[in-house]
file protein_26.cif (mmCIF, C-alpha atoms and all ligand atoms)
data_target
loop_
_atom_site.label_atom_id
_atom_site.label_comp_id
_atom_site.auth_asym_id
_atom_site.auth_seq_id
_atom_site.Cartn_x
_atom_site.Cartn_y
_atom_site.Cartn_z
CA MET A 1 79.80 78.54 142.18
CA ARG A 2 80.88 76.95 138.93
CA THR A 3 78.11 76.55 136.40
CA PRO A 4 77.73 73.41 134.23
CA ALA A 5 78.55 75.63 131.25
CA TYR A 6 81.86 76.43 132.88
CA SER A 7 82.90 72.79 133.20
CA SER A 8 81.90 71.78 129.72
CA ARG A 9 83.36 74.89 128.05
CA CYS A 10 86.68 74.46 129.81
CA ALA A 11 86.88 70.69 129.48
CA GLY A 12 89.48 70.56 126.72
CA TRP A 13 91.57 73.43 127.97
CA PRO A 14 95.10 73.00 129.32
CA ARG A 15 95.32 72.65 133.09
CA THR A 16 96.96 76.04 133.59
CA LEU A 17 94.23 77.81 131.70
CA ARG A 18 91.43 75.94 133.47
CA ALA A 19 92.90 77.02 136.77
CA MET A 20 93.15 80.59 135.53
CA ALA A 21 89.53 80.55 134.40
CA ARG A 22 88.41 79.23 137.76
CA ARG A 23 90.38 81.80 139.73
CA SER A 24 89.56 84.70 137.48
CA SER A 25 85.85 84.01 137.32
CA THR A 26 85.74 84.15 141.10
CA SER A 27 87.71 87.38 141.41
CA VAL A 28 85.95 89.12 138.55
CA SER A 29 82.53 88.28 139.88
CA ARG A 30 83.49 89.42 143.36
CA ALA A 31 84.96 92.67 142.09
CA GLU A 32 82.17 93.45 139.71
CA GLY A 33 79.11 92.43 141.61
CA ARG A 34 78.79 89.08 139.87
CA ARG A 35 78.39 90.63 136.47
CA SER A 36 78.30 87.69 134.15
CA LEU A 37 81.09 87.29 131.66
CA SER A 38 81.65 84.48 129.20
CA ILE A 39 84.43 82.11 130.18
CA GLU A 40 86.56 83.25 127.24
CA ALA A 41 86.06 86.91 128.16
CA THR A 42 86.87 86.13 131.76
CA VAL A 43 90.10 84.33 130.91
CA TRP A 44 91.07 87.02 128.47
CA ARG A 45 90.42 89.69 131.06
CA PHE A 46 92.42 87.74 133.58
CA LEU A 47 95.33 87.33 131.19
CA CYS A 48 95.23 91.03 130.36
CA LEU A 49 95.14 92.09 133.98
CA ARG A 50 97.91 89.76 134.90
CA ALA A 51 100.07 90.22 131.86
CA ASP A 52 99.46 93.85 131.10
CA PRO A 53 102.91 95.00 132.22
CA LEU A 54 104.48 92.59 129.78
CA ALA A 55 102.23 93.70 126.95
CA ALA A 56 102.96 97.31 127.72
CA LEU A 57 106.66 96.57 127.61
CA GLN A 58 106.36 94.77 124.34
CA ARG A 59 104.46 97.69 122.87
CA GLN A 60 107.10 100.08 124.08
CA GLY A 61 109.55 98.39 121.74
CA ARG A 62 112.80 100.21 122.00
CA HIS A 63 111.88 102.75 124.66
CA ARG A 64 114.23 102.50 127.53
CA GLU A 65 112.07 104.13 130.15
CA LYS A 66 111.63 102.02 133.21
CA PRO A 67 108.04 100.82 133.17
CA ARG A 68 105.77 100.78 136.18
CA PRO A 69 104.07 97.38 136.22
CA ARG A 70 100.58 97.51 137.65
CA ARG A 71 101.10 94.23 139.46
CA GLY A 72 104.29 92.48 140.31
CA PHE A 73 103.34 89.28 138.57
CA PHE A 74 105.09 87.47 135.78
CA VAL A 75 107.40 90.32 134.81
CA PRO A 76 110.61 90.44 136.79
CA LYS A 77 112.08 93.82 137.60
CA LYS A 78 114.71 93.49 134.95
CA CYS A 79 112.38 92.52 132.18
CA TYR A 80 112.51 95.92 130.55
CA ILE A 81 116.15 95.18 129.85
CA VAL A 82 115.64 91.70 128.43
CA LEU A 83 112.66 92.74 126.34
CA VAL A 84 114.38 95.70 124.79
CA LYS A 85 115.38 93.87 121.68
CA LYS A 86 115.31 94.46 118.00
CA ARG A 87 112.26 93.44 116.06
CA LEU A 88 112.63 90.52 113.70
CA VAL A 89 111.25 89.89 110.23
CA VAL A 90 111.85 86.50 108.64
CA GLY A 91 111.06 85.93 104.97
CA ASN A 92 110.10 82.40 103.95
CA TRP A 93 110.28 82.17 100.17
CA LYS A 94 108.92 78.63 100.06
CA MET A 95 109.12 77.88 96.30
CA TYR A 96 108.03 81.33 95.12
CA ILE A 97 111.50 82.29 93.87
CA THR A 98 113.30 79.42 92.19
CA GLN A 99 115.98 80.81 89.86
CA ALA A 100 119.41 81.93 91.04
CA ASP A 101 119.34 85.11 88.94
CA ASP A 102 115.98 86.18 90.36
CA ALA A 103 117.19 85.38 93.86
CA ARG A 104 120.34 87.50 93.41
CA ASP A 105 118.34 90.42 91.99
CA PHE A 106 115.94 90.22 94.90
CA ALA A 107 118.77 90.08 97.43
CA LEU A 108 120.49 93.09 95.84
CA ALA A 109 117.28 95.13 95.87
CA LEU A 110 116.54 94.12 99.45
CA ARG A 111 120.00 95.10 100.53
CA ARG A 112 119.73 98.47 98.81
CA LYS A 113 116.25 99.26 100.12
CA THR A 114 117.02 98.35 103.72
CA ARG A 115 120.42 100.03 103.90
CA GLY A 116 120.64 102.24 107.00
CA LEU A 117 117.49 100.76 108.56
CA SER A 118 117.93 100.18 112.25
CA GLY A 119 115.86 98.56 114.96
CA VAL A 120 114.89 95.51 112.97
CA ASP A 121 116.75 92.33 112.08
CA VAL A 122 115.98 90.83 108.69
CA LEU A 123 116.31 87.11 107.98
CA LEU A 124 115.66 85.42 104.66
CA ALA A 125 115.00 81.75 103.98
CA PRO A 126 115.32 80.92 100.28
CA PRO A 127 114.97 77.36 98.99
CA HIS A 128 118.04 75.25 99.88
CA THR A 129 119.38 75.42 96.33
CA LEU A 130 119.51 79.23 96.42
CA ILE A 131 121.15 79.71 99.82
CA PRO A 132 124.70 80.12 98.43
CA ALA A 133 123.61 82.61 95.74
CA VAL A 134 121.64 84.74 98.20
CA GLU A 135 124.31 84.52 100.89
CA GLU A 136 126.93 85.69 98.40
CA VAL A 137 124.98 88.90 97.84
CA LEU A 138 124.02 89.45 101.49
CA GLU A 139 127.23 88.27 103.11
CA SER A 140 128.52 91.75 103.89
CA SER A 141 125.11 93.09 104.95
CA SER A 142 123.26 92.62 108.23
CA ILE A 143 120.60 90.44 106.57
CA ARG A 144 120.95 86.82 107.62
CA VAL A 145 120.29 83.89 105.31
CA GLY A 146 118.86 80.60 106.52
CA ALA A 147 117.03 77.42 105.59
CA GLN A 148 113.36 76.55 105.36
CA ALA A 149 113.93 73.08 106.79
CA ILE A 150 116.62 70.82 108.20
CA SER A 151 117.12 67.07 108.36
CA ALA A 152 116.09 65.40 111.60
CA TYR A 153 118.85 62.81 111.28
CA ALA A 154 122.38 62.82 112.55
CA ASP A 155 123.71 59.94 110.43
CA GLU A 156 124.49 59.96 106.73
CA LYS A 157 122.09 57.35 105.43
CA HIS A 158 119.26 59.68 104.43
CA THR A 159 119.03 60.18 100.72
CA GLY A 160 117.92 63.68 99.74
CA ASP A 161 118.13 65.09 103.26
CA ILE A 162 120.17 68.18 104.07
CA SER A 163 121.87 68.24 107.45
CA GLY A 164 122.60 71.21 109.68
CA ALA A 165 126.30 71.02 108.84
CA MET A 166 125.51 71.08 105.10
CA LEU A 167 123.24 74.10 105.60
CA LYS A 168 125.93 75.91 107.54
CA ASP A 169 128.42 75.16 104.84
CA ALA A 170 126.02 76.58 102.25
CA GLY A 171 125.80 79.85 104.22
CA ALA A 172 122.77 79.38 106.46
CA SER A 173 122.77 80.82 109.95
CA PHE A 174 119.27 79.75 111.00
CA ALA A 175 116.72 77.08 110.18
CA ILE A 176 112.93 77.12 110.19
CA ILE A 177 111.71 74.05 112.05
CA GLY A 178 108.31 72.38 112.03
CA HIS A 179 106.67 74.67 109.49
CA SER A 180 103.02 73.70 109.16
CA GLU A 181 103.41 72.81 105.50
CA ARG A 182 106.07 70.26 106.44
CA ARG A 183 104.01 69.00 109.36
CA ALA A 184 101.12 68.56 106.91
CA ALA A 185 103.46 66.53 104.70
CA GLY A 186 104.06 64.09 107.56
CA GLU A 187 106.52 65.58 110.04
CA SER A 188 105.44 64.50 113.51
CA ASP A 189 106.03 66.38 116.76
CA ALA A 190 108.76 63.85 117.59
CA LEU A 191 110.54 64.51 114.30
CA VAL A 192 110.29 68.25 114.84
CA ARG A 193 112.04 67.82 118.19
CA GLU A 194 114.86 65.93 116.45
CA GLU A 195 115.17 68.71 113.88
CA LEU A 196 115.43 71.23 116.67
CA LEU A 197 118.24 69.21 118.23
CA ARG A 198 120.07 68.97 114.88
CA ALA A 199 119.82 72.73 114.37
CA VAL A 200 121.22 73.40 117.83
CA GLU A 201 124.05 70.90 117.29
CA ALA A 202 124.98 72.62 114.04
CA GLY A 203 124.98 76.05 115.68
CA LEU A 204 122.00 77.28 113.65
CA THR A 205 119.41 79.59 115.22
CA PRO A 206 116.22 77.52 115.41
CA ILE A 207 112.91 79.15 114.45
CA LEU A 208 110.32 76.77 115.83
CA CYS A 209 106.90 77.00 114.17
CA ILE A 210 103.79 76.14 116.14
CA GLY A 211 100.12 76.82 115.56
CA GLU A 212 96.72 75.21 115.61
CA LYS A 213 95.02 73.87 112.50
CA GLU A 214 91.65 75.36 113.31
CA ARG A 215 89.73 77.25 115.95
CA THR A 216 86.73 75.75 117.66
CA ARG A 217 84.38 77.03 120.33
CA ASP A 218 86.02 74.67 122.80
CA ALA A 219 89.27 76.62 122.58
CA ASP A 220 91.22 73.47 121.66
CA HIS A 221 93.91 75.67 120.16
CA PHE A 222 95.43 76.22 123.60
CA SER A 223 96.01 72.52 124.20
CA TYR A 224 97.18 72.02 120.61
CA VAL A 225 99.87 74.66 120.93
CA GLU A 226 100.73 73.48 124.44
CA GLU A 227 101.36 69.97 123.11
CA GLN A 228 103.55 71.20 120.28
CA LEU A 229 105.64 73.28 122.68
CA ASN A 230 105.87 70.50 125.24
CA SER A 231 106.93 67.98 122.67
CA ALA A 232 109.64 70.21 121.21
CA LEU A 233 111.03 71.83 124.35
CA LYS A 234 110.37 69.67 127.39
CA ASP A 235 113.58 68.59 129.12
CA MET A 236 115.77 70.17 126.47
CA PRO A 237 119.06 71.48 127.87
CA LYS A 238 118.28 75.14 128.51
CA ASN A 239 121.68 76.32 127.40
CA SER A 240 121.01 74.98 123.94
CA LEU A 241 117.91 77.14 123.52
CA LYS A 242 119.40 80.55 124.12
CA LYS A 243 118.92 81.52 120.48
CA LEU A 244 115.46 79.98 120.13
CA ILE A 245 112.83 81.93 118.19
CA ILE A 246 109.17 80.91 118.23
CA ALA A 247 106.94 81.54 115.24
CA TYR A 248 103.26 81.26 116.08
CA GLU A 249 101.52 80.49 112.81
CA PRO A 250 97.88 79.42 112.98
CA VAL A 251 97.57 77.09 110.01
CA TRP A 252 94.14 78.40 109.03
CA ALA A 253 95.58 81.89 108.54
CA ILE A 254 98.50 80.92 106.30
CA GLY A 255 98.70 81.72 102.60
CA LYS A 256 95.69 84.01 102.41
CA SER A 257 95.40 87.78 102.38
CA ALA A 258 95.58 90.47 105.08
CA ALA A 259 91.81 90.30 105.56
CA ASP A 260 92.07 86.64 106.55
CA ALA A 261 94.93 87.03 109.02
CA MET A 262 94.34 86.50 112.71
CA LYS A 263 92.84 89.38 114.69
CA PRO A 264 95.56 91.30 116.56
CA SER A 265 93.75 90.78 119.89
CA ASP A 266 93.79 87.01 119.32
CA VAL A 267 97.47 87.16 118.39
CA HIS A 268 98.06 89.01 121.65
CA GLU A 269 96.23 86.37 123.63
CA MET A 270 98.30 83.60 122.07
CA THR A 271 101.56 85.50 122.58
CA ILE A 272 100.82 85.72 126.28
CA PHE A 273 99.85 82.06 126.44
CA ILE A 274 103.01 81.00 124.60
CA ARG A 275 105.18 83.07 126.88
CA LYS A 276 103.49 81.52 129.88
CA MET A 277 104.25 78.07 128.47
CA LEU A 278 107.85 79.07 127.80
CA THR A 279 108.16 80.22 131.39
CA GLU A 280 107.17 76.74 132.52
CA LEU A 281 109.31 74.88 129.98
CA LEU A 282 112.44 77.02 130.06
CA ASP A 283 112.56 79.66 132.73
CA ARG A 284 111.17 83.13 133.19
CA LYS A 285 114.24 84.97 132.01
CA MET A 286 114.58 82.87 128.89
CA ALA A 287 110.86 83.08 128.23
CA LEU A 288 111.05 86.85 128.23
CA ARG A 289 114.07 86.81 125.99
CA THR A 290 112.69 84.43 123.41
CA PRO A 291 111.20 86.34 120.49
CA VAL A 292 107.66 85.24 119.62
CA LEU A 293 106.80 86.03 116.01
CA TYR A 294 103.46 85.85 114.25
CA GLY A 295 103.01 84.35 110.80
CA GLY A 296 99.93 83.95 108.64
CA SER A 297 98.99 86.34 105.84
CA VAL A 298 101.11 89.23 107.06
CA GLU A 299 101.11 91.94 104.42
CA PRO A 300 102.04 95.64 104.44
CA GLY A 301 98.39 96.46 105.13
CA ASN A 302 98.13 94.64 108.47
CA ALA A 303 101.71 94.59 109.74
CA VAL A 304 101.54 97.74 111.88
CA GLU A 305 98.31 96.75 113.60
CA LEU A 306 99.48 93.19 114.24
CA LEU A 307 102.72 94.43 115.68
CA LYS A 308 101.23 97.10 117.91
CA GLU A 309 98.25 95.19 119.20
CA GLY A 310 99.50 91.65 118.80
CA GLY A 311 102.41 92.08 121.17
CA VAL A 312 104.74 90.11 118.90
CA ALA A 313 108.44 90.66 118.33
CA GLY A 314 108.04 90.54 114.57
CA PHE A 315 106.85 88.33 111.74
CA LEU A 316 107.44 85.21 109.73
CA VAL A 317 106.32 86.25 106.28
CA GLY A 318 105.44 83.85 103.47
CA HIS A 319 104.02 85.07 100.16
CA ALA A 320 104.67 88.76 100.86
CA SER A 321 108.39 88.04 101.31
CA ALA A 322 108.70 87.06 97.67
CA ASP A 323 107.85 90.58 96.55
CA VAL A 324 110.66 92.91 97.50
CA ASP A 325 108.51 96.02 97.92
CA SER A 326 105.96 94.26 100.13
CA PHE A 327 108.72 92.67 102.16
CA VAL A 328 110.50 95.99 102.65
CA ALA A 329 107.19 97.67 103.61
CA ILE A 330 106.67 95.02 106.31
CA ILE A 331 110.24 95.48 107.53
CA LYS A 332 109.73 99.24 107.72
CA ALA A 333 106.50 98.72 109.65
CA CYS A 334 108.58 96.95 112.31
CA LYS A 335 111.03 99.76 112.83
C1 LIG A 401 104.26 80.88 106.16
O1 LIG A 401 104.06 79.98 105.37
O2 LIG A 401 105.13 80.79 107.03
C2 LIG A 401 103.45 82.08 106.04
C3 LIG A 401 103.38 82.89 107.05
O3 LIG A 401 102.83 82.24 104.86
P1 LIG A 401 101.92 83.49 104.40
O4 LIG A 401 102.59 84.75 104.85
O5 LIG A 401 101.86 83.37 102.92
O6 LIG A 401 100.60 83.30 105.06
#
call {"tool": "encode", "arguments": {"input": "protein_26.cif", "output": "structure tokens", "more": "lines below"}}
Ligand code: PEP
result
Amino acid sequence: MRTPAYSSRCAGWPRTLRAMARRSSTSVSRAEGRRSLSIEATVWRFLCLRADPLAALQRQGRHREKPRPRRGFFVPKKCYIVLVKKRLVVGNWKMYITQADDARDFALALRRKTRGLSGVDVLLAPPHTLIPAVEEVLESSSIRVGAQAISAYADEKHTGDISGAMLKDAGASFAIIGHSERRAAGESDALVREELLRAVEAGLTPILCIGEKERTRDADHFSYVEEQLNSALKDMPKNSLKKLIIAYEPVWAIGKSAADAMKPSDVHEMTIFIRKMLTELLDRKMALRTPVLYGGSVEPGNAVELLKEGGVAGFLVGHASADVDSFVAIIKACK
């Protein structure tokens, strides 16, 4: 029987998760002689049991062995093929590096220090003004240059905005969309959706940022992230989202130090939840193909643990991407 605590604890949760909690609490209590578990622990256990094959695959990284899923749920037979992808590390310089000479020096050093590295794709988002300078240095390397933001508008009457076509012309091949710092400056979910459309129209790879502002005992973060994903992706033409990358960045973890980053087990939980949402919004195959990155105080000291236990495809790195040695150390941790 459901306890009153159950109903009140789960009240703000998304429908899918409430249903999971209900089902899992029944099966866990049956299987384990009604041992009492907190609702969060129960859901987490349920997600782990159900999604373990996926997590195992993600941890396997580039291994090509055919996995043996414990249960035939969620992971289609071919998923080991679609998940065998390179890791991704995206550097977001914000306004840390502002001068063209410094940007060129950085790009040269990055190119030199990552030469011959395989198994990881490196992307760099300098400020708009530095895209051409950085692209000039990295043009003949495998490192891709992109933009930190893109205009949401398709017409010309937007003073100061930079459109997808302008970014492409400057040398960008991807655009970060809906970064929390831009959302905090007033970008709504609706505007973020428009930006995503503009990026797709321009042929730029969209990196969609999502993430809750805070964590409460009511687990509101699930519904927060669900809303952001729904607003950006619902009813979008699926073909347009083949190159989509998701960056899960809890706002409370951004811009601090490794000690303040999210716990890898919590990152793992959110990765599974996001992939579940993607399965509903896109389709299962696309959901498995879409890289889910983590961002928020990633530094060389926590990158390996976050990658191994967090089940992510890589990272969106802020402050540590402005220091070439730290950035390279994070890239190497993703190999
Ligand atoms: C970011 O702003 O995208 C970010 C992840 O920042 P930091 O790494 O500094 O937390």
call {"tool": "residues_around", "arguments": {"input": "protein_26.cif", "residues": "A:Leu306", "least_positions_apart": "2", "cutoff": "12 Å", "atoms": "all atoms listed in the file", "output": "VMD selection string"}}
result
chain A and resid 59 258 to 259 261 to 268 271 293 to 304 308 to 315 330 333 to 334
call {"tool": "residues_around", "arguments": {"input": "protein_26.cif", "residues": "A:Gly203", "least_positions_apart": "2", "cutoff": "9 Å", "atoms": "all atoms listed in the file", "output": "PDB file with C-alpha atoms, in the coordinates of the input"}}
result
ATOM      1  CA  GLY A 164     122.600  71.210 109.680  1.00  0.00           C
ATOM      2  CA  ALA A 165     126.300  71.020 108.840  1.00  0.00           C
ATOM      3  CA  LYS A 168     125.930  75.910 107.540  1.00  0.00           C
ATOM      4  CA  SER A 173     122.770  80.820 109.950  1.00  0.00           C
ATOM      5  CA  PHE A 174     119.270  79.750 111.000  1.00  0.00           C
ATOM      6  CA  ARG A 198     120.070  68.970 114.880  1.00  0.00           C
ATOM      7  CA  ALA A 199     119.820  72.730 114.370  1.00  0.00           C
ATOM      8  CA  VAL A 200     121.220  73.400 117.830  1.00  0.00           C
ATOM      9  CA  GLU A 201     124.050  70.900 117.290  1.00  0.00           C
ATOM     10  CA  THR A 205     119.410  79.590 115.220  1.00  0.00           C
ATOM     11  CA  PRO A 206     116.220  77.520 115.410  1.00  0.00           C
TER      12      PRO A 206
END
call {"tool": "axis_aligned_box", "arguments": {"input": "protein_26.cif", "around": "ligand LIG 401 (chain A)", "padding_each_side": "4 Å", "output": "lines of an AutoDock Vina configuration file"}}
result
center_x = 102.9
center_y = 82.4
center_z = 105.0
size_x = 12.5
size_y = 12.8
size_z = 12.1
call {"tool": "atom_distance", "arguments": {"input": "protein_26.cif", "atom1": "atom O2 of ligand LIG 401 (chain A)", "atom2": "atom CA of A:Lys285"}}
result
26.9 Å
call {"tool": "residues_near_ligand", "arguments": {"input": "protein_26.cif", "ligand": "ligand LIG 401 (chain A)", "cutoff": "7 Å", "atoms": "all atoms listed in the file", "output": "list in words"}}
result
Asn92, His179, Glu249, Ala253, Ile254, Gly255, Lys256, Gly295, Gly296, Ser297, Val298, Leu316, Val317, Gly318, His319 and Ala320 of chain A
call {"tool": "write_last_selection", "arguments": {"input": "protein_26.cif", "atoms": "C-alpha atoms", "output": "mmCIF file, keeping the file's coordinate frame"}}
result
data_model
loop_
_atom_site.group_PDB
_atom_site.id
_atom_site.type_symbol
_atom_site.label_atom_id
_atom_site.label_comp_id
_atom_site.auth_asym_id
_atom_site.auth_seq_id
_atom_site.Cartn_x
_atom_site.Cartn_y
_atom_site.Cartn_z
ATOM 1 C CA ASN A 92 110.100 82.400 103.950
ATOM 2 C CA HIS A 179 106.670 74.670 109.490
ATOM 3 C CA GLU A 249 101.520 80.490 112.810
ATOM 4 C CA ALA A 253 95.580 81.890 108.540
ATOM 5 C CA ILE A 254 98.500 80.920 106.300
ATOM 6 C CA GLY A 255 98.700 81.720 102.600
ATOM 7 C CA LYS A 256 95.690 84.010 102.410
ATOM 8 C CA GLY A 295 103.010 84.350 110.800
ATOM 9 C CA GLY A 296 99.930 83.950 108.640
ATOM 10 C CA SER A 297 98.990 86.340 105.840
ATOM 11 C CA VAL A 298 101.110 89.230 107.060
ATOM 12 C CA LEU A 316 107.440 85.210 109.730
ATOM 13 C CA VAL A 317 106.320 86.250 106.280
ATOM 14 C CA GLY A 318 105.440 83.850 103.470
ATOM 15 C CA HIS A 319 104.020 85.070 100.160
ATOM 16 C CA ALA A 320 104.670 88.760 100.860
#
call {"tool": "atom_distance", "arguments": {"input": "protein_26.cif", "atom1": "atom CA of A:Thr114", "atom2": "atom CA of A:Ala247"}}
result
22.7 Å
call {"tool": "atom_distance", "arguments": {"input": "protein_26.cif", "atom1": "atom CA of A:Arg289", "atom2": "atom CA of A:Arg111"}}
result
27.4 Å
call {"tool": "closest_residue", "arguments": {"input": "protein_26.cif", "among": "A:Ile207, A:Ala107, A:Ile97, A:Ile162", "to": "A:Val134", "atoms": "all atoms listed in the file"}}
result
A:Ala107
call {"tool": "closest_residue", "arguments": {"input": "protein_26.cif", "among": "A:Ser240, A:Val324, A:Ala125, A:Glu214", "to": "A:Arg112", "atoms": "all atoms listed in the file"}}
result
A:Val324
call {"tool": "closest_residue", "arguments": {"input": "protein_26.cif", "among": "A:Ser223, A:Gln148, A:Thr159, A:Gln99", "to": "A:Leu130", "atoms": "all atoms listed in the file"}}
result
A:Gln99
call {"tool": "closest_residue", "arguments": {"input": "protein_26.cif", "among": "A:Val137, A:Ala184, A:Leu281, A:Ile143", "to": "A:Gly116", "atoms": "only C-alpha atoms"}}
result
A:Ile143
call {"tool": "residues_around", "arguments": {"input": "protein_26.cif", "residues": "A:Leu208", "least_positions_apart": "5", "cutoff": "8 Å", "atoms": "all atoms listed in the file", "output": "list in words"}}
result
Ile176, Ile177, Gly178, His179, Leu196, Leu244, Ile245, Ile246 and Ala247 of chain A
call {"tool": "closest_residue", "arguments": {"input": "protein_26.cif", "among": "A:Met270, A:Val90, A:Val251, A:Arg183", "to": "A:Gly146", "atoms": "all atoms listed in the file"}}
result
A:Val90
call {"tool": "closest_residue", "arguments": {"input": "protein_26.cif", "among": "A:Ala147, A:Ala185, A:Ile331, A:Ile272", "to": "A:Val120", "atoms": "all atoms listed in the file"}}
result
A:Ile331
call {"tool": "residues_around", "arguments": {"input": "protein_26.cif", "residues": "A:Thr98", "least_positions_apart": "4", "cutoff": "10 Å", "atoms": "all atoms listed in the file", "output": "list in words"}}
result
Trp93, Lys94, Asp102, Ala103, Pro126, Pro127, His128, Thr129 and Leu130 of chain A
call {"tool": "write_last_selection", "arguments": {"input": "protein_26.cif", "atoms": "C-alpha atoms", "output": "PDB file, keeping the file's coordinate frame"}}
result
ATOM      1  CA  TRP A  93     110.280  82.170 100.170  1.00  0.00           C
ATOM      2  CA  LYS A  94     108.920  78.630 100.060  1.00  0.00           C
ATOM      3  CA  ASP A 102     115.980  86.180  90.360  1.00  0.00           C
ATOM      4  CA  ALA A 103     117.190  85.380  93.860  1.00  0.00           C
ATOM      5  CA  PRO A 126     115.320  80.920 100.280  1.00  0.00           C
ATOM      6  CA  PRO A 127     114.970  77.360  98.990  1.00  0.00           C
ATOM      7  CA  HIS A 128     118.040  75.250  99.880  1.00  0.00           C
ATOM      8  CA  THR A 129     119.380  75.420  96.330  1.00  0.00           C
ATOM      9  CA  LEU A 130     119.510  79.230  96.420  1.00  0.00           C
TER      10      LEU A 130
END
